[in-house]
$ cat final-v6.pdb   # PDB, C-alpha atoms
ATOM      1  CA  MET A   9     -10.535  16.114  -0.957
ATOM      2  CA  ASN A  10     -11.383  13.343   1.502
ATOM      3  CA  THR A  11     -10.360  10.077  -0.153
ATOM      4  CA  SER A  12     -10.714   7.831   2.889
ATOM      5  CA  TRP A  13     -12.399   4.440   2.613
ATOM      6  CA  GLN A  14     -14.946   5.285   5.298
ATOM      7  CA  SER A  15     -17.910   4.829   2.955
ATOM      8  CA  SER A  16     -16.569   1.436   1.807
ATOM      9  CA  SER A  17     -15.227   0.293   5.156
ATOM     10  CA  LYS A  18     -17.757  -2.522   5.702
ATOM     11  CA  TRP A  19     -16.973  -4.037   2.319
ATOM     12  CA  TYR A  20     -13.228  -3.553   2.811
ATOM     13  CA  ASN A  21     -13.347  -5.120   6.265
ATOM     14  CA  ARG A  22     -15.073  -8.203   4.852
ATOM     15  CA  LEU A  23     -12.498  -8.393   2.051
ATOM     16  CA  VAL A  24      -9.387  -8.039   4.214
ATOM     17  CA  GLY A  25     -10.569  -9.504   7.526
ATOM     18  CA  ASP A  26      -8.277  -9.879  10.532
ATOM     19  CA  GLN A  27      -5.244 -11.234   8.701
ATOM     20  CA  GLY A  28      -5.448  -9.584   5.265
ATOM     21  CA  HIS A  29      -6.532 -10.921   1.883
ATOM     22  CA  TYR A  30      -4.598 -13.607   0.001
ATOM     23  CA  TYR A  31      -1.870 -11.313  -1.310
ATOM     24  CA  HIS A  32      -1.381  -9.721   2.110
ATOM     25  CA  GLU A  33      -0.774 -13.115   3.684
ATOM     26  CA  HIS A  34       1.255 -14.772   0.955
ATOM     27  CA  ILE A  35       3.244 -11.960  -0.651
ATOM     28  CA  ILE A  36       3.025  -8.502   0.891
ATOM     29  CA  LEU A  37       3.321  -8.968   4.653
ATOM     30  CA  PRO A  38       6.075 -11.632   4.616
ATOM     31  CA  ASN A  39       8.187  -9.460   2.299
ATOM     32  CA  VAL A  40       7.479  -6.242   4.196
ATOM     33  CA  LEU A  41       8.511  -7.839   7.495
ATOM     34  CA  LYS A  42      11.806  -8.948   5.945
ATOM     35  CA  LEU A  43      12.471  -5.444   4.644
ATOM     36  CA  LEU A  44      11.542  -3.781   7.940
ATOM     37  CA  ASN A  45      13.962  -5.973   9.916
ATOM     38  CA  LEU A  46      12.506  -4.729  13.209
ATOM     39  CA  ASN A  47      14.012  -5.128  16.670
ATOM     40  CA  LEU A  48      12.715  -4.352  20.163
ATOM     41  CA  ASN A  49      13.987  -0.765  19.914
ATOM     42  CA  SER A  50      12.044  -0.101  16.719
ATOM     43  CA  LYS A  51       9.090   2.261  16.570
ATOM     44  CA  ILE A  52       6.933   1.967  13.480
ATOM     45  CA  LEU A  53       4.375   4.280  11.872
ATOM     46  CA  ASP A  54       1.799   2.576   9.612
ATOM     47  CA  ILE A  55       0.323   5.025   7.065
ATOM     48  CA  GLY A  56      -3.216   4.076   6.027
ATOM     49  CA  CYS A  57      -3.213   1.166   8.462
ATOM     50  CA  GLY A  58      -6.809   0.069   7.849
ATOM     51  CA  GLN A  59      -7.734  -2.693  10.293
ATOM     52  CA  GLY A  60      -4.164  -2.911  11.586
ATOM     53  CA  ILE A  61      -3.203  -6.205   9.987
ATOM     54  CA  LEU A  62       0.515  -5.367  10.029
ATOM     55  CA  ALA A  63       0.428  -4.781  13.796
ATOM     56  CA  LYS A  64      -0.666  -8.384  14.315
ATOM     57  CA  LYS A  65       2.390  -9.700  12.484
ATOM     58  CA  ILE A  66       5.113  -7.887  14.429
ATOM     59  CA  ASN A  67       6.633  -8.698  17.811
ATOM     60  CA  PRO A  68       4.035  -7.494  20.389
ATOM     61  CA  GLN A  69       6.769  -5.698  22.340
ATOM     62  CA  ILE A  70       7.550  -3.365  19.435
ATOM     63  CA  SER A  71       6.064   0.134  19.555
ATOM     64  CA  TYR A  72       3.538   0.670  16.746
ATOM     65  CA  VAL A  73       1.296   3.562  15.680
ATOM     66  CA  GLY A  74      -1.266   3.056  12.929
ATOM     67  CA  ILE A  75      -3.099   5.989  11.356
ATOM     68  CA  ASP A  76      -6.029   6.046   8.963
ATOM     69  CA  LEU A  77      -8.661   8.583   7.960
ATOM     70  CA  ALA A  78     -11.477   6.008   8.004
ATOM     71  CA  LYS A  79     -12.946   6.129  11.507
ATOM     72  CA  SER A  80     -14.687   2.758  11.258
ATOM     73  CA  LEU A  81     -11.483   0.969  10.219
ATOM     74  CA  ILE A  82      -9.622   2.514  13.154
ATOM     75  CA  GLU A  83     -12.400   1.351  15.471
ATOM     76  CA  VAL A  84     -12.078  -2.205  14.117
ATOM     77  CA  ALA A  85      -8.315  -2.070  14.712
ATOM     78  CA  GLN A  86      -8.772  -0.795  18.262
ATOM     79  CA  LYS A  87     -11.319  -3.467  19.136
ATOM     80  CA  SER A  88      -9.232  -6.329  17.770
ATOM     81  CA  ASN A  89      -5.885  -5.218  19.201
ATOM     82  CA  LYS A  90      -5.579  -4.385  22.908
ATOM     83  CA  ASN A  91      -1.781  -4.401  22.985
ATOM     84  CA  PRO A  92      -0.663  -1.380  25.076
ATOM     85  CA  ASN A  93       2.345  -0.969  22.765
ATOM     86  CA  HIS A  94       0.042  -0.396  19.814
ATOM     87  CA  LYS A  95      -1.970   2.750  19.071
ATOM     88  CA  PHE A  96      -4.516   3.372  16.329
ATOM     89  CA  LEU A  97      -5.402   6.982  15.540
ATOM     90  CA  LYS A  98      -7.828   8.621  13.140
ATOM     91  CA  LEU A  99      -5.465  10.988  11.371
ATOM     92  CA  ASP A 100      -5.080  12.391   7.883
ATOM     93  CA  ALA A 101      -1.598  11.575   6.590
ATOM     94  CA  THR A 102      -1.751  14.574   4.243
ATOM     95  CA  LYS A 103      -1.969  16.926   7.238
ATOM     96  CA  PRO A 104       0.889  17.688   9.682
ATOM     97  CA  LEU A 105       1.298  14.826  12.159
ATOM     98  CA  ASN A 106       1.337  17.038  15.221
ATOM     99  CA  GLY A 107       2.410  15.441  18.476
ATOM    100  CA  PHE A 108       5.110  13.299  16.912
ATOM    101  CA  ASN A 109       8.720  14.400  16.842
ATOM    102  CA  SER A 110      11.427  12.638  14.850
ATOM    103  CA  GLU A 111      10.767   9.506  16.867
ATOM    104  CA  PHE A 112       9.963   6.694  14.438
ATOM    105  CA  THR A 113      12.644   4.321  13.204
ATOM    106  CA  HIS A 114      10.371   2.906  10.502
ATOM    107  CA  ALA A 115       7.364   3.957   8.445
ATOM    108  CA  VAL A 116       5.369   1.849   6.049
ATOM    109  CA  ALA A 117       2.539   2.466   3.596
ATOM    110  CA  ILE A 118       0.962  -0.741   2.312
ATOM    111  CA  LEU A 119      -1.277  -0.162  -0.725
ATOM    112  CA  SER A 120      -2.475   3.124   0.764
ATOM    113  CA  LEU A 121      -0.566   5.905  -1.000
ATOM    114  CA  GLN A 122      -2.356   5.276  -4.304
ATOM    115  CA  ASN A 123      -5.585   6.356  -2.604
ATOM    116  CA  MET A 124      -4.184   9.655  -1.306
ATOM    117  CA  GLU A 125      -4.382  12.756  -3.475
ATOM    118  CA  ASN A 126      -1.701  14.969  -1.957
ATOM    119  CA  LEU A 127       1.338  12.693  -1.822
ATOM    120  CA  ASP A 128       3.685  15.649  -1.566
ATOM    121  CA  SER A 129       2.337  16.371   1.923
ATOM    122  CA  VAL A 130       2.356  12.707   2.928
ATOM    123  CA  ILE A 131       6.032  12.221   2.077
ATOM    124  CA  LYS A 132       6.918  15.497   3.796
ATOM    125  CA  ASN A 133       5.031  14.465   6.946
ATOM    126  CA  VAL A 134       6.705  11.052   7.042
ATOM    127  CA  ALA A 135      10.119  12.692   6.683
ATOM    128  CA  ASN A 136       9.307  14.991   9.624
ATOM    129  CA  VAL A 137       8.526  12.139  12.027
ATOM    130  CA  LEU A 138      11.267   9.686  11.024
ATOM    131  CA  LYS A 139      14.629   9.605  12.741
ATOM    132  CA  GLU A 140      17.797  10.071  10.732
ATOM    133  CA  ASP A 141      18.491   6.859   8.805
ATOM    134  CA  GLY A 142      14.874   5.870   9.406
ATOM    135  CA  LYS A 143      13.418   3.447   6.872
ATOM    136  CA  PHE A 144      10.274   4.137   4.814
ATOM    137  CA  ILE A 145       8.705   1.252   2.870
ATOM    138  CA  LEU A 146       6.150   2.041   0.165
ATOM    139  CA  VAL A 147       4.104  -0.819  -1.303
ATOM    140  CA  LEU A 148       2.097   0.080  -4.407
ATOM    141  CA  ASN A 149       0.020  -1.624  -7.034
ATOM    142  CA  HIS A 150       2.650  -1.616  -9.749
ATOM    143  CA  PRO A 151       2.462   1.832 -11.399
ATOM    144  CA  ALA A 152       3.674   0.523 -14.761
ATOM    145  CA  PHE A 153       1.253  -2.387 -15.098
ATOM    146  CA  ARG A 154      -1.760  -1.931 -12.810
ATOM    147  CA  ILE A 155      -3.417   1.362 -13.684
ATOM    148  CA  PRO A 156      -7.205   1.339 -13.146
ATOM    149  CA  ARG A 157      -9.090   1.777 -16.427
ATOM    150  CA  GLN A 158      -5.803   2.250 -18.278
ATOM    151  CA  SER A 159      -4.339  -1.260 -18.231
ATOM    152  CA  GLY A 160      -5.525  -4.818 -18.622
ATOM    153  CA  TRP A 161      -4.988  -8.233 -20.154
ATOM    154  CA  GLY A 162      -5.243  -9.137 -23.803
ATOM    155  CA  ILE A 163      -4.652 -12.203 -25.986
ATOM    156  CA  ALA A 164      -2.557 -11.718 -29.122
ATOM    157  CA  GLU A 165      -3.194 -13.511 -32.426
ATOM    158  CA  ASN A 166      -0.329 -15.874 -31.622
ATOM    159  CA  LYS A 167      -2.188 -16.793 -28.398
ATOM    160  CA  ILE A 168       0.254 -15.002 -26.123
ATOM    161  CA  GLN A 169      -1.309 -13.277 -23.136
ATOM    162  CA  TYR A 170      -0.038  -9.727 -22.784
ATOM    163  CA  ARG A 171      -0.502  -6.675 -20.583
ATOM    164  CA  TYR A 172      -1.568  -3.447 -22.284
ATOM    165  CA  VAL A 173      -1.121   0.078 -20.913
ATOM    166  CA  ASN A 174      -2.888   3.095 -22.408
ATOM    167  CA  ASN A 175      -1.532   5.861 -20.168
ATOM    168  CA  TYR A 176       1.505   5.814 -17.931
ATOM    169  CA  MET A 177       3.434   9.103 -17.795
ATOM    170  CA  SER A 178       0.392  11.270 -17.012
ATOM    171  CA  ASP A 179      -0.747  11.823 -13.433
ATOM    172  CA  LEU A 180      -4.269  10.411 -13.233
ATOM    173  CA  LYS A 181      -7.183  10.738 -10.829
ATOM    174  CA  ILE A 182      -9.412   7.713 -11.393
ATOM    175  CA  PRO A 183     -12.833   7.059  -9.823
ATOM    176  CA  ILE A 184     -13.350   3.451  -8.738
ATOM    177  CA  GLN A 185     -16.868   2.051  -8.437
ATOM    178  CA  MET A 186     -16.713  -0.394  -5.543
ATOM    179  CA  HIS A 187     -19.757  -2.423  -6.624
ATOM    180  CA  PRO A 188     -20.024  -2.313 -10.433
ATOM    181  CA  GLY A 189     -23.489  -3.052 -11.742
ATOM    182  CA  GLU A 190     -25.318  -1.814  -8.666
ATOM    183  CA  LYS A 191     -27.503   1.262  -8.987
ATOM    184  CA  SER A 192     -25.979   2.801  -5.902
ATOM    185  CA  SER A 193     -22.267   2.120  -5.434
ATOM    186  CA  GLU A 194     -19.657   3.866  -3.339
ATOM    187  CA  ILE A 195     -16.888   5.640  -5.192
ATOM    188  CA  THR A 196     -13.272   5.631  -4.095
ATOM    189  CA  TRP A 197     -10.377   7.280  -5.871
ATOM    190  CA  SER A 198      -7.110   5.960  -7.209
ATOM    191  CA  PHE A 199      -4.231   8.302  -8.055
ATOM    192  CA  HIS A 200      -1.683   7.160 -10.593
ATOM    193  CA  HIS A 201       1.857   8.518 -10.972
ATOM    194  CA  PRO A 202       4.811   7.191 -12.968
ATOM    195  CA  ILE A 203       7.648   5.560 -11.059
ATOM    196  CA  SER A 204       9.893   8.591 -11.577
ATOM    197  CA  TYR A 205       7.405  10.718  -9.611
ATOM    198  CA  TYR A 206       8.002   8.694  -6.445
ATOM    199  CA  PHE A 207      11.777   8.927  -6.804
ATOM    200  CA  LYS A 208      11.659  12.704  -7.295
ATOM    201  CA  LEU A 209       9.306  13.226  -4.363
ATOM    202  CA  LEU A 210      11.338  11.068  -2.010
ATOM    203  CA  LYS A 211      14.536  12.840  -3.036
ATOM    204  CA  GLN A 212      12.873  16.227  -2.479
ATOM    205  CA  TYR A 213      12.251  15.395   1.174
ATOM    206  CA  GLY A 214      15.639  13.929   1.946
ATOM    207  CA  PHE A 215      15.131  10.249   1.218
ATOM    208  CA  LEU A 216      17.550   7.969  -0.588
ATOM    209  CA  VAL A 217      15.912   5.036  -2.356
ATOM    210  CA  GLU A 218      17.881   2.002  -1.242
ATOM    211  CA  ASP A 219      15.943  -0.718  -3.018
ATOM    212  CA  LEU A 220      13.177  -1.317  -5.546
ATOM    213  CA  GLN A 221      11.450  -4.697  -5.571
ATOM    214  CA  GLU A 222       8.761  -6.088  -7.872
ATOM    215  CA  TRP A 223       6.539  -8.859  -6.562
ATOM    216  CA  VAL A 224       4.631 -11.284  -8.761
ATOM    217  CA  SER A 225       1.675 -13.497  -7.947
ATOM    218  CA  ASP A 226       2.360 -16.958  -6.551
ATOM    219  CA  LYS A 227      -1.009 -18.306  -7.666
ATOM    220  CA  LYS A 228      -1.072 -21.177 -10.144
ATOM    221  CA  SER A 229      -3.838 -22.245 -12.482
ATOM    222  CA  GLU A 230      -4.568 -25.919 -13.128
ATOM    223  CA  GLU A 231      -2.725 -27.593 -15.950
ATOM    224  CA  GLY A 232      -3.844 -26.880 -19.485
ATOM    225  CA  LYS A 233      -2.919 -24.682 -22.450
ATOM    226  CA  VAL A 234      -4.713 -21.628 -21.078
ATOM    227  CA  SER A 235      -3.364 -22.263 -17.577
ATOM    228  CA  LYS A 236       0.240 -22.333 -18.828
ATOM    229  CA  MET A 237      -0.326 -18.990 -20.539
ATOM    230  CA  GLU A 238      -1.848 -17.505 -17.370
ATOM    231  CA  ASN A 239       0.952 -18.814 -15.163
ATOM    232  CA  HIS A 240       3.583 -17.400 -17.521
ATOM    233  CA  ALA A 241       1.889 -13.997 -17.452
ATOM    234  CA  ARG A 242       1.675 -14.049 -13.628
ATOM    235  CA  ALA A 243       5.385 -14.813 -13.371
ATOM    236  CA  GLU A 244       6.420 -12.073 -15.807
ATOM    237  CA  ILE A 245       4.103  -9.158 -14.960
ATOM    238  CA  PRO A 246       4.502  -8.010 -11.323
ATOM    239  CA  LEU A 247       1.485  -7.103  -9.232
ATOM    240  CA  PHE A 248       3.287  -4.866  -6.760
ATOM    241  CA  MET A 249       6.216  -2.470  -6.653
ATOM    242  CA  THR A 250       7.961  -1.736  -3.368
ATOM    243  CA  LEU A 251      10.408   1.086  -2.639
ATOM    244  CA  VAL A 252      12.702   1.125   0.384
ATOM    245  CA  ALA A 253      13.768   4.702   1.200
ATOM    246  CA  ILE A 254      16.172   5.881   3.895
ATOM    247  CA  LYS A 255      15.879   9.330   5.471
ATOM    248  CA  LYS A 256      19.173  11.229   5.237
TER     249      LYS A 256
END
$ encode --input "final-v6.pdb" --output "structure tokens"
Amino acid sequence: MNTSWQSSSKWYNRLVGDQGHYYHEHIILPNVLKLLNLNLNSKILDIGCGQGILAKKINPQISYVGIDLAKSLIEVAQKSNKNPNHKFLKLDATKPLNGFNSEFTHAVAILSLQNMENLDSVIKNVANVLKEDGKFILVLNHPAFRIPRQSGWGIAENKIQYRYVNNYMSDLKIPIQMHPGEKSSEITWSFHHPISYYFKLLKQYGFLVEDLQEWVSDKKSEEGKVSKMENHARAEIPLFMTLVAIKK
């Protein structure tokens, strides 16, 4: 099943732009760069690279390859980044990444794995192209708290804002309407798995999970009773979960 964002690429490009949306700029990319800890000898593979926003944040001398199944997003990345050390390729991460040996020191998947159906193949392919002791960073919408159609916010009788979850342990394939309310709206797919699934899959293909981080929102509402409740909920319920896995 083709789950690329080709059909929604224009909307996604407007949303993310050249530098990423708010959470890319303020939370995800700064933290990912710290975890990558790149040097001039690094070679990085970006899985589901989209417009190539990560490439613009790294040292221009570092070797970078970004892959994505959405042709139009790859074209945007190629037009906006002429660095000879950077390549953008239309490739399906669920298919063998032919042409690459065990040459990458780092791989990263930023909010892309949850839109890929066959993660087993993706993890296997990443393992095949990473060097020994290579680092793989997976950034996900938090699987325990942010499950499309199966989680959300509620207000308890005691006026405490809480997060509810209807399904967590089950693997889910969830259609996402990109423009709710419109008669004709593109559909993308989100694939949910419990946290244990990622650990088992990484272990299966020779990875050791070195770190798990949970990132909360840094946004703040204006002062007021409701705002205090919202800010407390933001600080306690993480938006993103990040795994750092080492190939052994």
$ resolve_selection --input "final-v6.pdb" --expression "the PyMOL selection byres ((chain A and resi 133) around 10)" --output "PDB file with C-alpha atoms, keeping the file's coordinate frame"
ATOM      1  CA  ALA A 101      -1.598  11.575   6.590  1.00  0.00           C
ATOM      2  CA  THR A 102      -1.751  14.574   4.243  1.00  0.00           C
ATOM      3  CA  LYS A 103      -1.969  16.926   7.238  1.00  0.00           C
ATOM      4  CA  PRO A 104       0.889  17.688   9.682  1.00  0.00           C
ATOM      5  CA  LEU A 105       1.298  14.826  12.159  1.00  0.00           C
ATOM      6  CA  ASN A 106       1.337  17.038  15.221  1.00  0.00           C
ATOM      7  CA  LEU A 127       1.338  12.693  -1.822  1.00  0.00           C
ATOM      8  CA  ASP A 128       3.685  15.649  -1.566  1.00  0.00           C
ATOM      9  CA  SER A 129       2.337  16.371   1.923  1.00  0.00           C
ATOM     10  CA  VAL A 130       2.356  12.707   2.928  1.00  0.00           C
ATOM     11  CA  ILE A 131       6.032  12.221   2.077  1.00  0.00           C
ATOM     12  CA  LYS A 132       6.918  15.497   3.796  1.00  0.00           C
ATOM     13  CA  VAL A 134       6.705  11.052   7.042  1.00  0.00           C
ATOM     14  CA  ALA A 135      10.119  12.692   6.683  1.00  0.00           C
ATOM     15  CA  ASN A 136       9.307  14.991   9.624  1.00  0.00           C
ATOM     16  CA  VAL A 137       8.526  12.139  12.027  1.00  0.00           C
ATOM     17  CA  LEU A 138      11.267   9.686  11.024  1.00  0.00           C
ATOM     18  CA  TYR A 213      12.251  15.395   1.174  1.00  0.00           C
TER      19      TYR A 213
END
$ closest_residue --input "final-v6.pdb" --among "A:Gln59, A:Ser88, A:Gln221, A:Asn239" --to "Gly74 of chain A" --atoms "only C-alpha atoms"
A:Gln59
$ resolve_selection --input "final-v6.pdb" --expression "the PyMOL selection byres ((chain A and resi 149-159) around 7)" --output "ChimeraX atom specification"
/A:119,148,160,172-176,182,200-203,246-249
$ write_last_selection --input "final-v6.pdb" --atoms "C-alpha atoms" --output "tab-separated table (two decimals), in the coordinates of the input"
chain	number	residue	atom	x	y	z
A	119	LEU	CA	-1.28	-0.16	-0.72
A	148	LEU	CA	2.10	0.08	-4.41
A	160	GLY	CA	-5.52	-4.82	-18.62
A	172	TYR	CA	-1.57	-3.45	-22.28
A	173	VAL	CA	-1.12	0.08	-20.91
A	174	ASN	CA	-2.89	3.10	-22.41
A	175	ASN	CA	-1.53	5.86	-20.17
A	176	TYR	CA	1.50	5.81	-17.93
A	182	ILE	CA	-9.41	7.71	-11.39
A	200	HIS	CA	-1.68	7.16	-10.59
A	201	HIS	CA	1.86	8.52	-10.97
A	202	PRO	CA	4.81	7.19	-12.97
A	203	ILE	CA	7.65	5.56	-11.06
A	246	PRO	CA	4.50	-8.01	-11.32
A	247	LEU	CA	1.48	-7.10	-9.23
A	248	PHE	CA	3.29	-4.87	-6.76
A	249	MET	CA	6.22	-2.47	-6.65
$ resolve_selection --input "final-v6.pdb" --expression "the PyMOL selection byres ((chain A and resi 218) around 9)" --output "list of chain:residue names"
A:Leu216, A:Val217, A:Asp219, A:Leu220, A:Leu251, A:Val252, A:Ala253, A:Ile254
$ atom_distance --input "final-v6.pdb" --atom1 "atom CA of Lys98 of chain A" --atom2 "atom CA of Leu81 of chain A"
9.0 Å
$ closest_residue --input "final-v6.pdb" --among "A:Val116, A:Ile70, A:Leu53, A:Ile168" --to "Leu97 of chain A" --atoms "only C-alpha atoms"
A:Leu53
$ residues_around --input "final-v6.pdb" --residues "Asn45 of chain A" --least-positions-apart "5" --cutoff "10 Å" --atoms "all atoms listed in the file" --output "PyMOL selection string"
chain A and resi 40+50+114+143
$ closest_residue --input "final-v6.pdb" --among "A:Gly60, A:Lys87, A:Ile55, A:Ser120" --to "Leu99 of chain A" --atoms "only C-alpha atoms"
A:Ile55
$ closest_residue --input "final-v6.pdb" --among "A:Leu46, A:Ala78, A:Glu83, A:Asn89" --to "Lys64 of chain A" --atoms "all atoms listed in the file"
A:Asn89
$ atom_distance --input "final-v6.pdb" --atom1 "atom CA of Asn91 of chain A" --atom2 "atom CA of Asn47 of chain A"
17.0 Å
$ atom_distance --input "final-v6.pdb" --atom1 "atom CA of Glu33 of chain A" --atom2 "atom CA of Glu125 of chain A"
27.1 Å
$ closest_residue --input "final-v6.pdb" --among "A:Asn123, A:Ala164, A:Tyr31, A:Ser110" --to "Ser225 of chain A" --atoms "only C-alpha atoms"
A:Tyr31
$ residues_around --input "final-v6.pdb" --residues "Lys51 of chain A" --least-positions-apart "5" --cutoff "8 Å" --atoms "all atoms listed in the file" --output "ChimeraX atom specification"
/A:70-73,111-114
$ residues_around --input "final-v6.pdb" --residues "Ile163 of chain A" --least-positions-apart "5" --cutoff "12 Å" --atoms "all atoms listed in the file" --output "PDB file with C-alpha atoms, in the frame of the given file"
ATOM      1  CA  ILE A 168       0.254 -15.002 -26.123  1.00  0.00           C
ATOM      2  CA  GLN A 169      -1.309 -13.277 -23.136  1.00  0.00           C
ATOM      3  CA  TYR A 170      -0.038  -9.727 -22.784  1.00  0.00           C
ATOM      4  CA  ARG A 171      -0.502  -6.675 -20.583  1.00  0.00           C
ATOM      5  CA  TYR A 172      -1.568  -3.447 -22.284  1.00  0.00           C
ATOM      6  CA  VAL A 234      -4.713 -21.628 -21.078  1.00  0.00           C
ATOM      7  CA  MET A 237      -0.326 -18.990 -20.539  1.00  0.00           C
ATOM      8  CA  GLU A 238      -1.848 -17.505 -17.370  1.00  0.00           C
ATOM      9  CA  ALA A 241       1.889 -13.997 -17.452  1.00  0.00           C
TER      10      ALA A 241
END
$ axis_aligned_box --input "final-v6.pdb" --around "segment 79-91 of chain A" --padding-each-side "5 Å" --output "JSON"
{"center_x": -8.2, "center_y": -0.1, "center_z": 16.6, "size_x": 22.9, "size_y": 22.5, "size_z": 22.8}
$ build_atoms --input "final-v6.pdb" --residues "segment 54-68 of chain A" --atoms "N, CA and C atoms" --output "PDB file, in the frame of the given file"
ATOM      1  N   ASP A  54       2.509   3.253  10.701  1.00  0.00           N
ATOM      2  CA  ASP A  54       1.799   2.576   9.612  1.00  0.00           C
ATOM      3  C   ASP A  54       0.819   3.570   8.986  1.00  0.00           C
ATOM      4  N   ILE A  55       1.121   4.015   7.761  1.00  0.00           N
ATOM      5  CA  ILE A  55       0.323   5.025   7.065  1.00  0.00           C
ATOM      6  C   ILE A  55      -0.829   4.355   6.318  1.00  0.00           C
ATOM      7  N   GLY A  56      -2.068   4.733   6.638  1.00  0.00           N
ATOM      8  CA  GLY A  56      -3.216   4.076   6.027  1.00  0.00           C
ATOM      9  C   GLY A  56      -3.320   2.647   6.515  1.00  0.00           C
ATOM     10  N   CYS A  57      -3.342   2.491   7.833  1.00  0.00           N
ATOM     11  CA  CYS A  57      -3.213   1.166   8.462  1.00  0.00           C
ATOM     12  C   CYS A  57      -4.441   0.284   8.311  1.00  0.00           C
ATOM     13  N   GLY A  58      -5.598   0.873   7.951  1.00  0.00           N
ATOM     14  CA  GLY A  58      -6.809   0.069   7.849  1.00  0.00           C
ATOM     15  C   GLY A  58      -7.145  -0.612   9.156  1.00  0.00           C
ATOM     16  N   GLN A  59      -7.372  -1.921   9.099  1.00  0.00           N
ATOM     17  CA  GLN A  59      -7.734  -2.693  10.293  1.00  0.00           C
ATOM     18  C   GLN A  59      -6.534  -3.068  11.156  1.00  0.00           C
ATOM     19  N   GLY A  60      -5.342  -2.629  10.773  1.00  0.00           N
ATOM     20  CA  GLY A  60      -4.164  -2.911  11.586  1.00  0.00           C
ATOM     21  C   GLY A  60      -3.604  -4.304  11.417  1.00  0.00           C
ATOM     22  N   ILE A  61      -3.664  -4.832  10.192  1.00  0.00           N
ATOM     23  CA  ILE A  61      -3.203  -6.205   9.987  1.00  0.00           C
ATOM     24  C   ILE A  61      -1.691  -6.334  10.174  1.00  0.00           C
ATOM     25  N   LEU A  62      -0.928  -5.292   9.838  1.00  0.00           N
ATOM     26  CA  LEU A  62       0.515  -5.367  10.029  1.00  0.00           C
ATOM     27  C   LEU A  62       0.862  -5.490  11.510  1.00  0.00           C
ATOM     28  N   ALA A  63       0.141  -4.772  12.354  1.00  0.00           N
ATOM     29  CA  ALA A  63       0.428  -4.781  13.796  1.00  0.00           C
ATOM     30  C   ALA A  63       0.354  -6.184  14.375  1.00  0.00           C
ATOM     31  N   LYS A  64      -0.491  -7.030  13.803  1.00  0.00           N
ATOM     32  CA  LYS A  64      -0.666  -8.384  14.315  1.00  0.00           C
ATOM     33  C   LYS A  64       0.468  -9.319  13.910  1.00  0.00           C
ATOM     34  N   LYS A  65       1.305  -8.853  12.988  1.00  0.00           N
ATOM     35  CA  LYS A  65       2.390  -9.700  12.484  1.00  0.00           C
ATOM     36  C   LYS A  65       3.740  -9.372  13.107  1.00  0.00           C
ATOM     37  N   ILE A  66       3.828  -8.276  13.857  1.00  0.00           N
ATOM     38  CA  ILE A  66       5.113  -7.887  14.429  1.00  0.00           C
ATOM     39  C   ILE A  66       5.207  -8.362  15.878  1.00  0.00           C
ATOM     40  N   ASN A  67       6.420  -8.353  16.408  1.00  0.00           N
ATOM     41  CA  ASN A  67       6.633  -8.698  17.811  1.00  0.00           C
ATOM     42  C   ASN A  67       5.768  -7.778  18.687  1.00  0.00           C
ATOM     43  N   PRO A  68       4.949  -8.320  19.593  1.00  0.00           N
ATOM     44  CA  PRO A  68       4.035  -7.494  20.389  1.00  0.00           C
ATOM     45  C   PRO A  68       4.730  -6.485  21.298  1.00  0.00           C
TER      46      PRO A  68
END
